[in-house]
Amino acid sequence: MSQQAIKVENLNKSFGEGDAFVDVIHDASFVIDKGELVALVAPSGTGKTVLLMMLGCVSEPNSGKMYLGDEKVYDDGWLTKETRKIRREKIGFIFQAHYLIPFLNIIDNLTLLPQANGVADKVSKAKAKELLKYFDIADKEKAMSSQLSGGQNQRVAIARALMNNPEIILADEPTAALDTERSIDVVKMLKKLAVEQNVAIIMVTHDERMLEYCDRVMKIQDKAVVFI
Amino acid sequence: MIHLAKEDVKHILGKFVVTAIGVGMLLGIVLIMMGVYRGMIADAEVLLKDLSVDLWVVQDDTLGPFAEASRVHEDLKYIIKAIPAIEKSEAITFQNLQLPLPDRKLSVLAIGYDVYGEINPINRDRLIEGRVLKTDHYEIVVTDKTGYQIDDKIKLGRNFYTVVGITHGSVASGGDPLVYVSLKDAQELQFTYTNKRIQTDRARGIINKDSHLVNAIIATIKDGYNVDEVAQEIRKWQHKSVYTREEQKVVLTRNVVEKASKQIGLFTVILIVVATIIIALIIYTMTLEKMKEISIMKLIGLPNSTIIKMIVEETLLLGVLAFIFGNIFAHLIYGKFPKNVLLNTPDAFLLLAIVIIASILASLIGVKKVVNADPTAAIGG
């Protein structure tokens, strides 16, 4: 089995037509392997979110090819109508804030997605408990997110992203709401996770201090995706 | 599988229950409205059921005493009785009276009947105290709603009447309590004027000789005879309007309470529509409050069906809970209404079915919001 987590070839995304035409991502091609933590940096308004949405199978590119693991999911069009199923099964998301479902307790927040994938209750709960133990918050499984600290909630959010054994985790500025010390802890944790859980992580960040903990840095420069 | 609706409701239980109580009070009023309608129909039929006669012979070209003025001669009962098909026949009067109470007057319908006759309109099952009338004069049977006790004296017209019996649940079609007096007393009350009036009439050359009028002749028929045929025969030979029990019931329900019931029906429909709109707005607001979570759920890949199921289940739960509170509310207050309010189980189930359908319709607005929710709203940048 290859180590490839995501591969894109000649991916393009533009909006509008005629005078309103805006080319956002042009001819992007890259491969990210499992175990890698890749930072995505670019000034605001240059297409970070657009790229993230395409990689997350949320918005559709105009053309190109995209693979998740070894499975081709996009070839000048989605190869399945169920892009949400791809997200559910192959992609994990981490957001700026923890964005846990406030009316579910911690373990239910974690098991919601696998259960929607048809995983048995027992199996998903065992996996959730294992991850909560991994993140050192095993005693919080019955707590509500409102009863947890910011750092604990962010760890639960990261655990949630791992629940479906994803090929890739897309993290949208996961340290934006944290102080420097905690931010470094989270990024280190993501790096550790990428290796230990054998998953690729693309992390959007504005904080250049975090880049030294990443394996590679991806940048959007003049609509092109480049690695520096 | 995690039950999203259950967990969400648990999370906002207090707010949800208070909302359900509010909607429930509205549904309670709907139930009361239905009960008022049922009460009117039931009231309209009390007298018919108590009398349990087959035929009503009334003044020609009239609908009878329940709908308009009707006067026939008392001795018509003998002519009717002479018909071979007739088993029993009696004269009866109906008149509205203002019964004096200590602090006010109470509108009642007085039924006059021949104390020694073949048909007694007082339903013995309703008699909770005392007895039926035994003498021709100055005795009265009242309902418990009047507040009178046995042996109380009531002044009606020029005479005092002694309360000899008390009934329960005897009401006229308009909801007024029923009282019973002898036919002679009723005729005197209805057709005999005051001394001054008689004096004035005599001065004008008017002599009121005939007080032997009644409002209707009621009759039962012998076994083996066809009611409709007997009615037709009386119409043909006696030139009177004749109604069977079923026809009289139609007169009462269609002609007497129809407008009122239509009005109540319209109020009920409006209240149900209002309740539906309120439920829809509540669910819409509850959905709006969860839009961020819904976007996240959609982004991480939860199918629409899972989220829609949560919205629909919450709406149904709100509807059913409101229905339960509505029933409790209606049962707590229905006895305080001045007229008969009859809460029927089938009506409650009908309302439940309507509430379920209305809740599903109400949830559509929230469902539409879910379907249109943008998953990218969960990502900033």
# chains A, B, ... in the order shown; residues from 1 in each chain; ligands from 1
>>> residues_around(residues="Asp125 (chain B)", least_positions_apart="6", cutoff="12 Å", atoms="only C-alpha atoms", output="PyMOL selection string")
chain B and resi 49-50+131-132+166-170
>>> select_by_dssp(residues="region 12-132 of chain A", states="strand (DSSP E or B)", output="number ranges by chain")
A: 12-15, 22-33, 37-41, 63-68, 71-75, 78, 91-94, 105
>>> residues_around(residues="Glu313 (chain B)", least_positions_apart="2", cutoff="12 Å", atoms="only C-alpha atoms", output="PyMOL selection string")
chain B and resi 3-9+283+305-311+315-321+356+359-360+362-364+366-367
>>> residues_around(residues="Leu11 (chain A)", least_positions_apart="4", cutoff="12 Å", atoms="only C-alpha atoms", output="PDB file with C-alpha atoms, in the first residue's frame")
ATOM      1  CA  LYS A   7      -2.360  13.763  -4.659  1.00  0.00           C
ATOM      2  CA  ASP A  23      -8.590  32.795 -11.145  1.00  0.00           C
ATOM      3  CA  VAL A  24      -7.856  31.584  -7.606  1.00  0.00           C
ATOM      4  CA  ILE A  25      -5.897  28.340  -7.894  1.00  0.00           C
ATOM      5  CA  HIS A  26      -4.040  27.621 -11.085  1.00  0.00           C
ATOM      6  CA  ASP A  27      -2.585  24.313 -12.130  1.00  0.00           C
ATOM      7  CA  ALA A  28      -1.847  23.029  -8.616  1.00  0.00           C
ATOM      8  CA  SER A  29      -0.021  19.716  -8.473  1.00  0.00           C
ATOM      9  CA  PHE A  30       1.418  18.110  -5.352  1.00  0.00           C
ATOM     10  CA  VAL A  50     -10.746  27.677  -1.435  1.00  0.00           C
ATOM     11  CA  LEU A  51      -7.887  25.172  -1.612  1.00  0.00           C
ATOM     12  CA  MET A  54     -11.400  21.567  -2.635  1.00  0.00           C
ATOM     13  CA  LEU A  55      -9.082  19.193  -0.775  1.00  0.00           C
ATOM     14  CA  GLU A  60     -15.706  21.455  -6.659  1.00  0.00           C
ATOM     15  CA  PRO A  61     -12.597  22.386  -8.673  1.00  0.00           C
ATOM     16  CA  ASN A  62     -13.021  23.468 -12.302  1.00  0.00           C
ATOM     17  CA  SER A  63     -10.612  20.885 -13.631  1.00  0.00           C
ATOM     18  CA  GLY A  64      -7.767  18.575 -12.670  1.00  0.00           C
ATOM     19  CA  LYS A  65      -7.398  15.318 -10.817  1.00  0.00           C
ATOM     20  CA  MET A  66      -7.431  14.472  -7.124  1.00  0.00           C
ATOM     21  CA  TYR A  67      -6.681  11.274  -5.228  1.00  0.00           C
ATOM     22  CA  TYR A  74     -11.938  13.840  -8.893  1.00  0.00           C
ATOM     23  CA  ASP A  75     -11.186  13.744 -12.604  1.00  0.00           C
ATOM     24  CA  ASP A  76     -12.538  16.935 -14.168  1.00  0.00           C
ATOM     25  CA  GLY A  77     -15.619  16.194 -12.067  1.00  0.00           C
ATOM     26  CA  LYS A 223      -2.398  31.437  -7.760  1.00  0.00           C
ATOM     27  CA  ALA A 224       0.134  28.610  -7.793  1.00  0.00           C
ATOM     28  CA  VAL A 225       0.697  26.187  -4.950  1.00  0.00           C
TER      29      VAL A 225
END
>>> closest_residue(among="B:Asp374, B:Glu293, B:Asp75, B:Glu314", to="chain A", atoms="only C-alpha atoms")
B:Glu293
